[in-house]
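For reference, the structure is listed below as structure tokens.
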Amino acid sequence: MSSFVSIVRDSEVPRSRPAALVLLRDVISTRGGRVGAVLVGVVLALAFLGPLVAPFSPTALVDSPFSTPTRAHLLGTDMLGRDGLSRFLWGGRTLVLTAFAATMMAYLVGIPLGAFAGVRGGVLDIGAVAFSDIMLAIPSLVFVLVLIAAVGPSLSMVAIGIAAVELPRVIRIFRAITVEVAALEFVEVARARGETTASVVFREILPNLWTPLMADFGFRLTASIVLVSSLSYLGLGQAPPAADWGLMISENQIGLTIQPWIIVVPAVTIAILTFGVNLLTDAFARRIGRSSATPRG
Amino acid sequence: MNPLLREIVFRLGAGVLTLLAASALIYLGVSALPGDAATAALGRDATPQLVEGLRKQFGLDRPVLERYGNWLAGFVRGDLGHSLPTGVPVAHVIGDKLWNTVVLAGVTMALLVPLATILGAVSALRPDGIVDQSTAAITLSLIATPQFVIGAILAVVFAVWLKWLPAVSLIDPSRPIFARPSILVLPVVTLLAAALAQSVRMIRATMIEVLDLPYIEAARLNGIAAWRLVLRHALPNVVAPAIQVLAYNVPWLLGGVVIVESVFEYRGVGLTLITAVQTRDLPTVEALAMLTTIVIVATSFFADITVILLNPRLRRRA
């Protein structure tokens, strides 16, 4: 973790966002980072532009169920006879958006909370650390499943549940970094100047969390993508008849031996997405000099 | 009191406290959410009369703290509560499926430990060598891939295209699982894929650190062969971190079991959990979540104790 602080210390203007942009450029210039960026870019383009070029409606019945690929239906049809390619082109958006929303919610709550806990110490700090430790003893997937069983399955519940399991991890990381940043001179000066805790957090600490945020973002996003797609696969996320990559795999699994294409293509696409994000994250970690093992749980 | 014993008692206390807090989170946290177990379990059939009857029958009309106390007391006695709306004891719902899950997780762990250690050690021996680079490339691609994706792709390749293995792992309850070991292969490989990726990375990193220590340098200068250096001199110092790595993998492995059992229709507790979530059988879901947490806290407790016992310095200081 000390490396984050050294970056803060080394840069001439400690609180500038451009330092983070320079970092981004450095990452893209490595081979792994470039490949990762291209893979992620392709899948994102597919997810967001796909619906515009889909040849059929994702819910229209066009042929008999589980027809193998033909010129008219490049990925064949699914278990109800809907066009596989169209459903594939429609099916990425919810995954990407839900994963992104969950990550953002966890950050919006977790970073200020972690920063306050780190600066303030005391009961708030103990409480935040204890909460994180308890949450980390329950597997992410199981915790989200409990929430869904209580409130009922829906995409927004999936996003909230994932944000809830990411929250303790975000608090932990940003609390630890805050403790380090808070020991630096400019924070001490700010305190000596008589700045309030809130002012220290928002004016001195938070602007310095851009680099760690960018390094952490990939980990959080990957974990969210894995959870969102897994819950969709289990039939607890996107409700049918809407198209979704995770759901496509489970609803067509019964026809696996006749029509594997409609399973293979979304599966490989999800794998490409997580691999791409992981390559980018790895390139970031190397650039910052942090161990690149994916934190998860 | 013996300092070692004191350390063990302290960790045990911490574990019990964690479990208590987790149980409060699972039970009280959920009861603070909108809706209740009876309404959820009845779903569309819920009429006010039916919901009221079910609530009375299962004591859901009692104050929440009282219900939590009863639930917790039941758990300590081994009573896991009752499934809703059928009222079947959760222990019966789980029944023989627990053994199937234990087999799946156990076989995976039994393969994970030696494979991770060997691959990690070999990769560390020549950092950036062929083994290291290919292992790194494979782990990087597997580490973040959802298990259902790995499972689905493996099923297509090995069951549909190559026709070597069954695509679903249906268990005949009248025969032992090991009578048809082929049904275990794909679920275990799927679970291993990502767990192995994570463990190899961490063991490799520890091994490289250990190989960098002065005593290894001294042994190297004495002309000891590389393999012997790793096996005799470095490996014993990697055991403790390796145990922690594996304990760290347990929560993730348990989450993975849920997914993998669903992918291969493997009749285990994970599949029971998913069914319970889909039918919104909250008591069963809560009981299974609590059981999972107990397993995780217990593993991390035993891992900590083993690490202390293995390390003479910690043993004395503790």
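In the structure tokens, chains take the letters A, B, ... in the order shown, each chain's residues start at 1, and ligands count up from 1 in the order shown.
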Residues near A:Thr257, cut-off 9 Å, only C-alpha atoms, skip fewer than 3 positions along chain, as a ChimeraX atom specification: /A:253-254,260 /B:156,159-161,167
Residues of the last selection are to be written out with all heavy atoms, as a CSV table (one decimal), in the first residue's frame.
chain,number,residue,atom,x,y,z
A,253,GLN,N,-29.5,-24.5,-21.7
A,253,GLN,CA,-28.6,-25.6,-21.3
A,253,GLN,C,-29.2,-26.9,-21.6
A,253,GLN,O,-28.5,-27.9,-21.9
A,253,GLN,CB,-28.2,-25.5,-19.9
A,253,GLN,CG,-26.8,-25.9,-19.6
A,253,GLN,CD,-26.4,-25.6,-18.2
A,253,GLN,OE1,-26.9,-24.7,-17.6
A,253,GLN,NE2,-25.5,-26.4,-17.7
A,254,ILE,N,-30.6,-27.0,-21.6
A,254,ILE,CA,-31.3,-28.2,-21.9
A,254,ILE,C,-31.0,-28.7,-23.3
A,254,ILE,O,-31.1,-29.9,-23.6
A,254,ILE,CB,-32.8,-28.0,-21.6
A,254,ILE,CG1,-33.4,-29.4,-21.5
A,254,ILE,CG2,-33.4,-27.2,-22.6
A,254,ILE,CD1,-34.8,-29.3,-20.8
A,260,PRO,N,-25.2,-26.2,-29.2
A,260,PRO,CA,-24.3,-25.6,-28.3
A,260,PRO,C,-23.9,-24.2,-28.5
A,260,PRO,O,-23.5,-23.5,-27.7
A,260,PRO,CB,-23.1,-26.5,-28.3
A,260,PRO,CG,-23.2,-27.2,-29.6
A,260,PRO,CD,-24.6,-27.3,-30.0
B,156,VAL,N,-19.6,-28.2,-23.0
B,156,VAL,CA,-19.7,-28.2,-24.5
B,156,VAL,C,-18.5,-29.0,-25.1
B,156,VAL,O,-18.7,-29.9,-25.9
B,156,VAL,CB,-19.8,-26.8,-25.1
B,156,VAL,CG1,-19.6,-26.9,-26.6
B,156,VAL,CG2,-21.1,-26.1,-24.7
B,159,ALA,N,-18.4,-32.9,-23.2
B,159,ALA,CA,-19.6,-33.7,-23.2
B,159,ALA,C,-20.2,-33.7,-24.6
B,159,ALA,O,-20.7,-34.7,-25.1
B,159,ALA,CB,-20.6,-33.2,-22.2
B,160,VAL,N,-20.2,-32.5,-25.3
B,160,VAL,CA,-20.9,-32.5,-26.6
B,160,VAL,C,-20.0,-32.8,-27.7
B,160,VAL,O,-20.3,-33.6,-28.5
B,160,VAL,CB,-21.6,-31.1,-26.8
B,160,VAL,CG1,-22.2,-31.0,-28.1
B,160,VAL,CG2,-22.5,-30.8,-25.6
B,161,TRP,N,-18.8,-32.1,-27.7
B,161,TRP,CA,-17.9,-32.3,-28.9
B,161,TRP,C,-17.1,-33.6,-28.7
B,161,TRP,O,-17.0,-34.4,-29.6
B,161,TRP,CB,-17.0,-31.1,-29.1
B,161,TRP,CG,-17.8,-29.9,-29.6
B,161,TRP,CD1,-19.0,-30.0,-30.2
B,161,TRP,CD2,-17.5,-28.6,-29.5
B,161,TRP,NE1,-19.4,-28.7,-30.5
B,161,TRP,CE2,-18.5,-27.8,-30.1
B,161,TRP,CE3,-16.4,-27.9,-29.0
B,161,TRP,CZ2,-18.5,-26.4,-30.2
B,161,TRP,CZ3,-16.4,-26.5,-29.1
B,161,TRP,CH2,-17.4,-25.8,-29.7
B,167,ALA,N,-22.7,-34.5,-19.5
B,167,ALA,CA,-22.9,-33.0,-19.4
B,167,ALA,C,-23.5,-32.6,-18.1
B,167,ALA,O,-23.3,-31.5,-17.6
B,167,ALA,CB,-23.7,-32.5,-20.6
Near chain B, which residues of chain A fall within 8 Å when you count only C-alpha atoms, and what do they look like as JSON, numbers by chain? {"A": [133, 134, 135, 137, 138, 139, 140, 141, 142, 143, 145, 146, 147, 148, 149, 150, 151, 152, 222, 223, 226, 227, 229, 230, 233, 234, 236, 249, 250, 256, 257, 260, 263, 264, 267, 268, 270, 271, 274, 275, 278, 279, 293, 294, 296, 297]}
Selected residues, N, CA and C atoms, written as a compact mmCIF listing (two decimals), in the first residue's frame, please.
# COMPACT_ATOMS: atom_id res chain seq x y z
N ASP A 133 -15.16 -6.96 8.78
CA ASP A 133 -14.70 -8.31 9.12
C ASP A 133 -15.85 -9.32 9.14
N ILE A 134 -16.99 -8.88 9.68
CA ILE A 134 -18.13 -9.79 9.76
C ILE A 134 -18.65 -10.11 8.36
N MET A 135 -18.79 -9.06 7.54
CA MET A 135 -19.28 -9.28 6.18
C MET A 135 -18.36 -10.21 5.40
N ALA A 137 -16.82 -12.69 6.40
CA ALA A 137 -16.94 -14.09 6.80
C ALA A 137 -18.08 -14.80 6.06
N ILE A 138 -18.92 -14.01 5.37
CA ILE A 138 -20.03 -14.61 4.62
C ILE A 138 -19.68 -14.53 3.13
N PRO A 139 -19.74 -15.66 2.38
CA PRO A 139 -19.40 -15.58 0.95
C PRO A 139 -20.32 -14.61 0.22
N SER A 140 -19.74 -13.81 -0.69
CA SER A 140 -20.50 -12.79 -1.41
C SER A 140 -21.78 -13.35 -2.01
N LEU A 141 -21.63 -14.44 -2.75
CA LEU A 141 -22.79 -14.98 -3.46
C LEU A 141 -23.89 -15.36 -2.48
N VAL A 142 -23.50 -16.01 -1.38
CA VAL A 142 -24.48 -16.46 -0.39
C VAL A 142 -25.20 -15.27 0.23
N PHE A 143 -24.46 -14.20 0.52
CA PHE A 143 -25.09 -13.01 1.11
C PHE A 143 -26.12 -12.41 0.16
N LEU A 145 -27.69 -13.96 -2.14
CA LEU A 145 -28.81 -14.90 -2.23
C LEU A 145 -29.79 -14.71 -1.07
N VAL A 146 -29.26 -14.46 0.14
CA VAL A 146 -30.13 -14.22 1.29
C VAL A 146 -31.00 -12.98 1.03
N LEU A 147 -30.37 -11.91 0.56
CA LEU A 147 -31.12 -10.68 0.27
C LEU A 147 -32.21 -10.92 -0.76
N ILE A 148 -31.86 -11.67 -1.82
CA ILE A 148 -32.83 -11.91 -2.88
C ILE A 148 -33.98 -12.77 -2.38
N ALA A 149 -33.66 -13.75 -1.52
CA ALA A 149 -34.72 -14.60 -0.96
C ALA A 149 -35.67 -13.75 -0.12
N ALA A 150 -35.13 -12.72 0.55
CA ALA A 150 -35.97 -11.90 1.42
C ALA A 150 -36.81 -10.92 0.63
N VAL A 151 -36.24 -10.27 -0.36
CA VAL A 151 -36.93 -9.18 -1.05
C VAL A 151 -37.53 -9.61 -2.39
N GLY A 152 -37.01 -10.69 -2.96
CA GLY A 152 -37.49 -11.13 -4.25
C GLY A 152 -36.50 -10.78 -5.34
N THR A 222 -14.64 -6.45 -11.90
CA THR A 222 -14.59 -7.88 -12.23
C THR A 222 -15.49 -8.66 -11.28
N ALA A 223 -15.34 -8.40 -9.98
CA ALA A 223 -16.16 -9.13 -9.01
C ALA A 223 -17.64 -8.90 -9.28
N VAL A 226 -18.78 -10.84 -12.39
CA VAL A 226 -18.92 -12.27 -12.07
C VAL A 226 -20.23 -12.51 -11.33
N LEU A 227 -20.52 -11.67 -10.34
CA LEU A 227 -21.73 -11.88 -9.54
C LEU A 227 -23.01 -11.61 -10.34
N SER A 229 -23.51 -11.73 -13.60
CA SER A 229 -23.76 -12.74 -14.61
C SER A 229 -24.13 -14.07 -13.95
N SER A 230 -23.50 -14.39 -12.80
CA SER A 230 -23.83 -15.64 -12.12
C SER A 230 -25.28 -15.63 -11.64
N TYR A 233 -27.52 -16.07 -14.49
CA TYR A 233 -27.46 -17.47 -14.87
C TYR A 233 -28.39 -18.30 -13.98
N LEU A 234 -28.42 -17.98 -12.69
CA LEU A 234 -29.26 -18.72 -11.75
C LEU A 234 -30.73 -18.33 -11.86
N LEU A 236 -31.96 -15.28 -11.27
CA LEU A 236 -32.35 -14.38 -10.19
C LEU A 236 -32.09 -12.92 -10.53
N ILE A 249 -27.42 -18.68 -21.21
CA ILE A 249 -26.68 -19.93 -21.01
C ILE A 249 -27.53 -20.94 -20.24
N SER A 250 -28.19 -20.47 -19.16
CA SER A 250 -28.96 -21.44 -18.37
C SER A 250 -30.24 -21.87 -19.08
N LEU A 256 -28.18 -28.31 -24.90
CA LEU A 256 -26.72 -28.27 -25.03
C LEU A 256 -26.19 -29.17 -26.15
N THR A 257 -26.72 -30.40 -26.21
CA THR A 257 -26.16 -31.36 -27.17
C THR A 257 -26.61 -31.07 -28.60
N PRO A 260 -25.22 -26.20 -29.23
CA PRO A 260 -24.28 -25.62 -28.25
C PRO A 260 -23.91 -24.17 -28.55
N ILE A 263 -24.95 -21.28 -26.45
CA ILE A 263 -24.35 -21.25 -25.11
C ILE A 263 -22.90 -20.80 -25.20
N VAL A 264 -22.18 -21.35 -26.19
CA VAL A 264 -20.75 -21.08 -26.30
C VAL A 264 -20.47 -19.59 -26.52
N ALA A 267 -21.01 -17.38 -23.44
CA ALA A 267 -20.04 -17.80 -22.42
C ALA A 267 -18.66 -17.26 -22.74
N VAL A 268 -18.24 -17.42 -23.99
CA VAL A 268 -16.91 -16.95 -24.38
C VAL A 268 -16.85 -15.42 -24.27
N ILE A 270 -18.48 -13.44 -22.16
CA ILE A 270 -18.31 -13.05 -20.75
C ILE A 270 -16.85 -13.30 -20.33
N ALA A 271 -16.31 -14.45 -20.75
CA ALA A 271 -14.92 -14.77 -20.41
C ALA A 271 -13.97 -13.71 -20.97
N THR A 274 -14.23 -10.50 -18.76
CA THR A 274 -13.54 -10.56 -17.47
C THR A 274 -12.02 -10.65 -17.69
N PHE A 275 -11.61 -11.38 -18.71
CA PHE A 275 -10.17 -11.48 -19.01
C PHE A 275 -9.61 -10.10 -19.37
N ASN A 278 -9.36 -7.91 -16.43
CA ASN A 278 -8.28 -8.43 -15.60
C ASN A 278 -6.90 -8.03 -16.14
N LEU A 279 -6.75 -8.07 -17.47
CA LEU A 279 -5.48 -7.65 -18.08
C LEU A 279 -5.20 -6.18 -17.76
N ALA A 293 -2.56 -10.03 -7.32
CA ALA A 293 -3.54 -11.08 -7.04
C ALA A 293 -4.92 -10.47 -6.87
N THR A 294 -5.90 -11.07 -7.52
CA THR A 294 -7.25 -10.54 -7.45
C THR A 294 -7.84 -10.76 -6.07
N ARG A 296 -10.84 -11.26 -3.66
CA ARG A 296 -12.20 -11.69 -3.93
C ARG A 296 -12.76 -12.37 -2.70
N GLY A 297 -13.89 -13.03 -2.83
CA GLY A 297 -14.43 -13.77 -1.69
C GLY A 297 -15.92 -13.72 -1.65
Show me, as an MDAnalysis selection string, the residues that have an atom within 10 Å of B:Met109 when counting only C-alpha atoms, minus same-chain residues fewer than 6 positions from it. chainID B and resid 103 115 188 191:192 195:196 246 249:250 253
Writer output for current selection, N, CA and C atoms, as a JSON list (two decimals), in the first residue's frame:
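File written: selection.json
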[["chain", "number", "residue", "atom", "x", "y", "z"],
["B", 103, "VAL", "N", -18.33, -34.39, -0.57],
["B", 103, "VAL", "CA", -17.49, -35.14, -1.52],
["B", 103, "VAL", "C", -16.93, -34.19, -2.58],
["B", 115, "LEU", "N", -1.54, -29.70, -6.19],
["B", 115, "LEU", "CA", -1.36, -29.05, -7.50],
["B", 115, "LEU", "C", -0.87, -27.62, -7.34],
["B", 188, "VAL", "N", -15.52, -30.93, -10.54],
["B", 188, "VAL", "CA", -14.28, -30.70, -9.80],
["B", 188, "VAL", "C", -13.32, -29.84, -10.62],
["B", 191, "LEU", "N", -14.40, -26.22, -10.51],
["B", 191, "LEU", "CA", -14.07, -25.59, -9.23],
["B", 191, "LEU", "C", -12.57, -25.35, -9.10],
["B", 192, "LEU", "N", -11.79, -26.33, -9.59],
["B", 192, "LEU", "CA", -10.34, -26.22, -9.46],
["B", 192, "LEU", "C", -9.79, -25.06, -10.27],
["B", 195, "ALA", "N", -9.87, -21.65, -8.44],
["B", 195, "ALA", "CA", -9.23, -21.74, -7.13],
["B", 195, "ALA", "C", -7.74, -21.98, -7.29],
["B", 196, "LEU", "N", -7.41, -22.82, -8.28],
["B", 196, "LEU", "CA", -6.01, -23.13, -8.54],
["B", 196, "LEU", "C", -5.27, -21.87, -9.00],
["B", 246, "LEU", "N", -5.01, -21.44, 1.39],
["B", 246, "LEU", "CA", -6.09, -22.38, 1.15],
["B", 246, "LEU", "C", -7.31, -22.03, 2.00],
["B", 249, "ASN", "N", -9.19, -19.42, 0.45],
["B", 249, "ASN", "CA", -9.94, -19.85, -0.72],
["B", 249, "ASN", "C", -11.27, -20.49, -0.38],
["B", 250, "VAL", "N", -11.46, -20.86, 0.89],
["B", 250, "VAL", "CA", -12.66, -21.62, 1.26],
["B", 250, "VAL", "C", -13.97, -20.85, 0.99],
["B", 253, "LEU", "N", -14.58, -20.94, -2.59],
["B", 253, "LEU", "CA", -14.87, -22.30, -3.04],
["B", 253, "LEU", "C", -16.32, -22.66, -2.74]]
Going by DSSP on the backbone, which residues of stretch 102-269 of chain A come out as alpha helix (DSSP H)? List them as a PyMOL selection string. chain A and resi 102-120+122-136+140-151+155-182+185-192+197-199+210-233+245-251+261-269
Stretch 212-220 of chain B surroundings by only C-alpha atoms, 12 Å radius, close-in-sequence under 2 positions cut, as a PyMOL selection string: chain B and resi 124-125+205-210+222-235+237
Could you tell me how far atom CA of A:Met157 sits from atom CA of A:Gly237, in Å to one decimal place?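 About the pair atom CA of A:Gly237 and atom CA of A:Met157: they are 8.2 Å apart.
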Using only C-alpha atoms, which protein or nucleic acid residues come within 10 Å of stretch 86-92 of chain A? Drop anything in the same chain fewer than 6 positions from it, and give the result as a PyMOL selection string. chain A and resi 43-60+73-75+77-78+229+238+242-248+262-263+265-266+269-270
Which residues are near stretch 112-114 of chain A? Cut-off 9 Å, only C-alpha atoms, ignore same chain within fewer than 4 positions. Put them as a PyMOL selection string. chain A and resi 107-108+118-119+124-125+128+170-178+201-202+206
Same residues, C-alpha atoms, saved as a short mmCIF file (atom, residue, chain, number, x, y, z; two decimals), in the first residue's frame:
data_model
loop_
_atom_site.label_atom_id
_atom_site.label_comp_id
_atom_site.auth_asym_id
_atom_site.auth_seq_id
_atom_site.Cartn_x
_atom_site.Cartn_y
_atom_site.Cartn_z
CA TYR A 107 -17.69 3.36 -3.98
CA LEU A 108 -20.09 6.21 -3.26
CA GLY A 118 -9.41 6.46 8.74
CA VAL A 119 -9.22 10.17 9.62
CA LEU A 124 -16.59 4.98 13.88
CA ASP A 125 -13.31 3.32 12.89
CA ALA A 128 -16.36 0.15 10.22
CA VAL A 170 -14.05 -0.90 -0.37
CA ILE A 171 -14.14 0.38 3.22
CA ARG A 172 -11.14 -1.75 4.16
CA ILE A 173 -8.94 -0.68 1.28
CA PHE A 174 -9.76 3.02 1.40
CA ARG A 175 -9.56 3.17 5.17
CA ALA A 176 -6.04 1.70 5.01
CA ILE A 177 -4.94 4.17 2.31
CA THR A 178 -6.51 7.06 4.20
CA VAL A 201 -11.73 14.24 4.28
CA PHE A 202 -13.22 16.07 1.30
CA LEU A 206 -10.46 12.29 -1.22
#
Spatial neighbours of B:Pro176, 10 Å, only C-alpha atoms, chain gap at least 5 places, as a short mmCIF file (atom, residue, chain, number, x, y, z; two decimals) with N, CA, C and O atoms, in the first residue's frame:
data_model
loop_
_atom_site.label_atom_id
_atom_site.label_comp_id
_atom_site.auth_asym_id
_atom_site.auth_seq_id
_atom_site.Cartn_x
_atom_site.Cartn_y
_atom_site.Cartn_z
N ASN B 100 -23.03 -35.31 -0.51
CA ASN B 100 -22.62 -35.09 -1.90
C ASN B 100 -21.77 -33.83 -2.03
O ASN B 100 -20.77 -33.81 -2.75
N ILE B 171 -27.00 -37.70 -9.78
CA ILE B 171 -26.57 -38.71 -8.81
C ILE B 171 -27.71 -39.67 -8.55
O ILE B 171 -28.84 -39.26 -8.32
N PRO B 181 -17.42 -42.31 -10.93
CA PRO B 181 -16.55 -41.14 -10.72
C PRO B 181 -16.60 -40.14 -11.87
O PRO B 181 -16.27 -38.98 -11.69
#
